[in-house]
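Engineer: Here it is: the structure, laid out below.
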Amino acid sequence: WDLKGKAWGQPLYRLLGGPVRLAVPAYASMLGYSIEPDVAAQTALDFRAQGFSAQKWFFRFGPGDGSAGMKRNLALVAALRQALGSEYPLMFDAFMGWDLPYAEDMVRRMEPYAITWLEEPLPPERVGSFVRLRQAASVPLATGEHVYTRWQVRELLQSGAVSWIQADPDWTGGVTELTKIAALCSAFDTPLVAHGHSLLPALHLAGAQPATVIPYVEYLIQHQAHKQYFHHPLYEPEAGMIRLPETPGLGIILDESKIEQKKAL
């Protein structure tokens, strides 16, 4: 796809039928930040002030931490919701670290906080457990970064297991497969928000789709600068929005000076 865009002199989103929009909202993915409730609440306010219109935070505790760990998870949820207000989109990620009984207890306790999604409370192949968990409370569920094909996504959608799909541009096999997954999600009225390893393919696809299909891209605050270390320019949000590249292909241009610096070390 990158080579095709360069051969035709067009950015990738134009080859995908876009642009539908020239800038896409980025949600602040807060991996690596303190989850102590008071500290997290202040950090969340700081990033809201920078223009981010949604945030995702990461749970540290699971079934092995008992009731004390659950209380600490819930204290984080409560502190963030109180700081950000009742309408601000707020997501949480458990990274497949829970079992079904623990997850059922958590979603019932999280229900009053009106979160936008709970991500990967269980491994994604446990489709039946996702269905049961979705029936336990009204908390929207999300998964997808460890789902690699459109057939797996179709199973999640047909079963009604999740409210959001989060396929990864790298792990699904690239832009072609992710485009097919986006079409599936559109058919099931289930939004797609790609997992945030590779920003640029996700950004191009989002730019070629309406916001009802892909409302956000994920921006890992502490990790994207490192992932783009050898790139020029660095693609980052301004007032919570990321503009689509205007250069051909994916928009990745290597910074030769940084490559030479690393070679010299």
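Going by the structure tokens order, chains are called A, B, ..., each with residues numbered from 1, while ligands are numbered from 1 in the order shown.
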Could you produce a table of the residues of segment 141-220 of chain A lying within 10 Å of segment 227-240 of chain A, with the nearest pair of atoms per residue and their separation in Å rounded to one decimal, using only C-alpha atoms, ordered by chain and increasing residue number, as CSV?
Structural biologist:
```
residue,atom,partner,partner_atom,distance
A:His197,CA,A:Lys227,CA,8.0
A:Ser198,CA,A:Lys227,CA,8.0
A:Leu199,CA,A:Tyr235,CA,8.3
A:Leu200,CA,A:Tyr235,CA,8.2
A:Leu203,CA,A:Tyr235,CA,9.9
A:Tyr219,CA,A:Glu236,CA,8.0
A:Leu220,CA,A:Lys227,CA,9.7
```
Engineer: Generate a file of the selected residues that holds all heavy atoms, formatted as a compact mmCIF listing (two decimals), in the first residue's frame.
Structural biologist:
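Saved to selection_25.txt:
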```txt
# COMPACT_ATOMS: atom_id res chain seq x y z
N HIS A 197 -0.61 0.39 18.06
CA HIS A 197 0.81 0.20 17.78
C HIS A 197 1.27 1.08 16.62
O HIS A 197 2.25 1.82 16.73
CB HIS A 197 1.09 -1.27 17.44
CG HIS A 197 1.33 -2.11 18.65
ND1 HIS A 197 1.36 -3.49 18.61
CD2 HIS A 197 1.55 -1.79 19.94
CE1 HIS A 197 1.60 -3.97 19.82
NE2 HIS A 197 1.69 -2.95 20.65
N SER A 198 0.62 0.94 15.49
CA SER A 198 1.02 1.67 14.28
C SER A 198 0.00 2.76 13.99
O SER A 198 -1.11 2.48 13.52
CB SER A 198 1.12 0.72 13.08
OG SER A 198 2.20 -0.19 13.27
N LEU A 199 0.38 3.98 14.25
CA LEU A 199 -0.56 5.09 14.12
C LEU A 199 -0.95 5.34 12.67
O LEU A 199 -2.13 5.53 12.36
CB LEU A 199 0.05 6.35 14.72
CG LEU A 199 -0.75 7.64 14.52
CD1 LEU A 199 -2.08 7.55 15.25
CD2 LEU A 199 0.06 8.84 15.00
N LEU A 200 0.01 5.34 11.76
CA LEU A 200 -0.27 5.84 10.41
C LEU A 200 -1.26 4.99 9.62
O LEU A 200 -2.19 5.54 9.02
CB LEU A 200 1.03 6.05 9.65
CG LEU A 200 1.74 7.34 10.06
CD1 LEU A 200 3.19 7.36 9.59
CD2 LEU A 200 1.00 8.55 9.54
N LEU A 203 -4.59 5.75 11.03
CA LEU A 203 -5.00 7.12 10.73
C LEU A 203 -5.53 7.24 9.30
O LEU A 203 -6.56 7.88 9.06
CB LEU A 203 -3.82 8.06 10.94
CG LEU A 203 -4.06 9.55 10.70
CD1 LEU A 203 -5.12 10.09 11.65
CD2 LEU A 203 -2.75 10.33 10.86
N TYR A 219 -3.85 7.05 20.62
CA TYR A 219 -2.52 7.68 20.68
C TYR A 219 -1.91 7.37 22.03
O TYR A 219 -2.33 7.89 23.07
CB TYR A 219 -2.62 9.19 20.47
CG TYR A 219 -1.27 9.82 20.22
CD1 TYR A 219 -0.72 9.85 18.94
CD2 TYR A 219 -0.53 10.35 21.26
CE1 TYR A 219 0.52 10.40 18.70
CE2 TYR A 219 0.72 10.91 21.04
CZ TYR A 219 1.24 10.93 19.75
OH TYR A 219 2.48 11.47 19.52
N LEU A 220 -0.92 6.49 22.02
CA LEU A 220 -0.20 6.11 23.23
C LEU A 220 0.74 7.25 23.62
O LEU A 220 1.79 7.44 23.00
CB LEU A 220 0.58 4.82 23.00
CG LEU A 220 -0.26 3.54 22.98
CD1 LEU A 220 0.39 2.46 22.15
CD2 LEU A 220 -0.49 3.04 24.40
```
Engineer: Got a sec to tell me which of segment 120-200 of chain A DSSP assigns to helix (DSSP H, G or I), as a VMD selection string?
Structural biologist: chain A and resid 127 to 136 150 to 158 175 to 187 199 to 200
Engineer: Can I get the selected residues back with N, CA and C atoms, as a JSON list (two decimals), in the first residue's frame?
Structural biologist:
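See part07.json below for the written result:
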```json
[["chain", "number", "residue", "atom", "x", "y", "z"],
["A", 127, "VAL", "N", -15.50, -16.28, 23.48],
["A", 127, "VAL", "CA", -16.63, -15.50, 22.96],
["A", 127, "VAL", "C", -17.86, -15.70, 23.83],
["A", 128, "GLY", "N", -18.13, -16.94, 24.24],
["A", 128, "GLY", "CA", -19.29, -17.19, 25.08],
["A", 128, "GLY", "C", -19.22, -16.45, 26.41],
["A", 129, "SER", "N", -18.01, -16.34, 26.96],
["A", 129, "SER", "CA", -17.85, -15.61, 28.22],
["A", 129, "SER", "C", -18.08, -14.11, 28.02],
["A", 130, "PHE", "N", -17.66, -13.58, 26.88],
["A", 130, "PHE", "CA", -17.96, -12.18, 26.57],
["A", 130, "PHE", "C", -19.47, -11.96, 26.50],
["A", 131, "VAL", "N", -20.18, -12.89, 25.88],
["A", 131, "VAL", "CA", -21.63, -12.75, 25.77],
["A", 131, "VAL", "C", -22.27, -12.74, 27.16],
["A", 132, "ARG", "N", -21.83, -13.65, 28.02],
["A", 132, "ARG", "CA", -22.37, -13.69, 29.39],
["A", 132, "ARG", "C", -22.02, -12.41, 30.15],
["A", 133, "LEU", "N", -20.80, -11.92, 29.95],
["A", 133, "LEU", "CA", -20.39, -10.70, 30.65],
["A", 133, "LEU", "C", -21.21, -9.51, 30.18],
["A", 134, "ARG", "N", -21.48, -9.46, 28.89],
["A", 134, "ARG", "CA", -22.28, -8.34, 28.37],
["A", 134, "ARG", "C", -23.70, -8.38, 28.93],
["A", 135, "GLN", "N", -24.18, -9.55, 29.27],
["A", 135, "GLN", "CA", -25.52, -9.68, 29.84],
["A", 135, "GLN", "C", -25.56, -9.32, 31.32],
["A", 136, "ALA", "N", -24.38, -9.28, 31.95],
["A", 136, "ALA", "CA", -24.32, -9.05, 33.40],
["A", 136, "ALA", "C", -24.55, -7.60, 33.78],
["A", 150, "ARG", "N", -10.75, -11.31, 9.77],
["A", 150, "ARG", "CA", -12.14, -10.87, 9.69],
["A", 150, "ARG", "C", -13.10, -11.97, 10.10],
["A", 151, "TRP", "N", -12.68, -13.23, 9.99],
["A", 151, "TRP", "CA", -13.56, -14.33, 10.41],
["A", 151, "TRP", "C", -13.72, -14.35, 11.93],
["A", 152, "GLN", "N", -12.63, -14.07, 12.64],
["A", 152, "GLN", "CA", -12.73, -13.96, 14.10],
["A", 152, "GLN", "C", -13.59, -12.76, 14.50],
["A", 153, "VAL", "N", -13.40, -11.66, 13.81],
["A", 153, "VAL", "CA", -14.22, -10.47, 14.09],
["A", 153, "VAL", "C", -15.69, -10.77, 13.81],
["A", 154, "ARG", "N", -15.97, -11.48, 12.73],
["A", 154, "ARG", "CA", -17.36, -11.82, 12.40],
["A", 154, "ARG", "C", -18.00, -12.63, 13.53],
["A", 155, "GLU", "N", -17.25, -13.56, 14.12],
["A", 155, "GLU", "CA", -17.79, -14.36, 15.23],
["A", 155, "GLU", "C", -18.15, -13.46, 16.41],
["A", 156, "LEU", "N", -17.29, -12.50, 16.74],
["A", 156, "LEU", "CA", -17.58, -11.58, 17.83],
["A", 156, "LEU", "C", -18.81, -10.75, 17.54],
["A", 157, "LEU", "N", -18.94, -10.30, 16.29],
["A", 157, "LEU", "CA", -20.07, -9.45, 15.93],
["A", 157, "LEU", "C", -21.38, -10.24, 15.87],
["A", 158, "GLN", "N", -21.35, -11.41, 15.27],
["A", 158, "GLN", "CA", -22.57, -12.19, 15.14],
["A", 158, "GLN", "C", -23.11, -12.66, 16.49],
["A", 175, "VAL", "N", -3.32, -3.22, 6.04],
["A", 175, "VAL", "CA", -4.41, -2.34, 5.64],
["A", 175, "VAL", "C", -5.53, -3.11, 4.94],
["A", 176, "THR", "N", -5.18, -4.08, 4.11],
["A", 176, "THR", "CA", -6.20, -4.82, 3.36],
["A", 176, "THR", "C", -7.19, -5.51, 4.30],
["A", 177, "GLU", "N", -6.66, -6.26, 5.27],
["A", 177, "GLU", "CA", -7.55, -6.97, 6.19],
["A", 177, "GLU", "C", -8.31, -5.99, 7.07],
["A", 178, "LEU", "N", -7.64, -4.92, 7.50],
["A", 178, "LEU", "CA", -8.32, -3.95, 8.37],
["A", 178, "LEU", "C", -9.45, -3.26, 7.62],
["A", 179, "THR", "N", -9.29, -3.03, 6.34],
["A", 179, "THR", "CA", -10.37, -2.44, 5.53],
["A", 179, "THR", "C", -11.58, -3.37, 5.48],
["A", 180, "LYS", "N", -11.33, -4.66, 5.35],
["A", 180, "LYS", "CA", -12.43, -5.63, 5.34],
["A", 180, "LYS", "C", -13.11, -5.71, 6.71],
["A", 181, "ILE", "N", -12.31, -5.61, 7.76],
["A", 181, "ILE", "CA", -12.87, -5.61, 9.12],
["A", 181, "ILE", "C", -13.73, -4.36, 9.33],
["A", 182, "ALA", "N", -13.29, -3.22, 8.80],
["A", 182, "ALA", "CA", -14.08, -1.99, 8.91],
["A", 182, "ALA", "C", -15.43, -2.15, 8.22],
["A", 183, "ALA", "N", -15.44, -2.81, 7.06],
["A", 183, "ALA", "CA", -16.71, -3.03, 6.36],
["A", 183, "ALA", "C", -17.64, -3.93, 7.17],
["A", 184, "LEU", "N", -17.07, -4.97, 7.80],
["A", 184, "LEU", "CA", -17.87, -5.84, 8.66],
["A", 184, "LEU", "C", -18.47, -5.05, 9.83],
["A", 185, "CYS", "N", -17.64, -4.26, 10.46],
["A", 185, "CYS", "CA", -18.11, -3.47, 11.60],
["A", 185, "CYS", "C", -19.23, -2.52, 11.18],
["A", 186, "SER", "N", -19.08, -1.92, 10.03],
["A", 186, "SER", "CA", -20.13, -1.04, 9.52],
["A", 186, "SER", "C", -21.44, -1.79, 9.33],
["A", 187, "ALA", "N", -21.36, -3.01, 8.80],
["A", 187, "ALA", "CA", -22.56, -3.80, 8.57],
["A", 187, "ALA", "C", -23.27, -4.17, 9.87],
["A", 199, "LEU", "N", 0.38, 3.98, 14.25],
["A", 199, "LEU", "CA", -0.56, 5.09, 14.12],
["A", 199, "LEU", "C", -0.95, 5.34, 12.67],
["A", 200, "LEU", "N", 0.01, 5.34, 11.76],
["A", 200, "LEU", "CA", -0.27, 5.84, 10.41],
["A", 200, "LEU", "C", -1.26, 4.99, 9.62]]
```
Engineer: So that I can check the surroundings of Gln209 of chain A, please list as an NGL selection string every protein, DNA and RNA residue that reaches within 8 Å of it, counting only C-alpha atoms and ignoring chain neighbours fewer than 3 positions away.
Structural biologist: :A and (18-20 or 205-206 or 213-214)
Engineer: Write out as a list in words the set of residues from segment 64-115 of chain A that DSSP, computed on the backbone, places in strand (DSSP E or B).
Structural biologist: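 So the strand (DSSP E or B) residues in segment 64-115 of chain A would be Leu90, Met91, Phe92 and Asp93 of chain A.
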Engineer: For those residues, write N, CA and C atoms to a file as an mmCIF file, in the first residue's frame.
Structural biologist:
```
data_model
loop_
_atom_site.group_PDB
_atom_site.id
_atom_site.type_symbol
_atom_site.label_atom_id
_atom_site.label_comp_id
_atom_site.auth_asym_id
_atom_site.auth_seq_id
_atom_site.Cartn_x
_atom_site.Cartn_y
_atom_site.Cartn_z
ATOM 1 N N LEU A 90 -14.595 7.905 28.732
ATOM 2 C CA LEU A 90 -13.581 7.339 29.604
ATOM 3 C C LEU A 90 -13.580 5.831 29.416
ATOM 4 N N MET A 91 -12.397 5.284 29.083
ATOM 5 C CA MET A 91 -12.270 3.861 28.800
ATOM 6 C C MET A 91 -11.253 3.235 29.746
ATOM 7 N N PHE A 92 -11.354 1.897 29.910
ATOM 8 C CA PHE A 92 -10.434 1.168 30.771
ATOM 9 C C PHE A 92 -10.025 -0.137 30.103
ATOM 10 N N ASP A 93 -8.772 -0.551 30.351
ATOM 11 C CA ASP A 93 -8.193 -1.737 29.721
ATOM 12 C C ASP A 93 -7.717 -2.690 30.815
#
```
Engineer: One decimal, in Å: what's the spacing between atom CA of Met70 of chain A and atom CA of Tyr33 of chain A?
Structural biologist: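 Here the two named atoms are 18.9 Å from each other.
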Engineer: Using only C-alpha atoms, pick whichever of A:Met106, A:Ile259, A:Arg21, A:Leu12 has the shortest atom-to-atom distance to Ala211 of chain A.
Structural biologist: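 Closest to Ala211 of chain A of all the choices is A:Arg21.
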Engineer: Which residues come within 12 Å of His204 of chain A, counting only C-alpha atoms, excluding same-chain residues fewer than 4 positions away, as a ChimeraX atom specification?
Structural biologist: /A:1-2,5,10-24,169,174-175,178-179,194,198-200,208-210,214,216-217,242-252
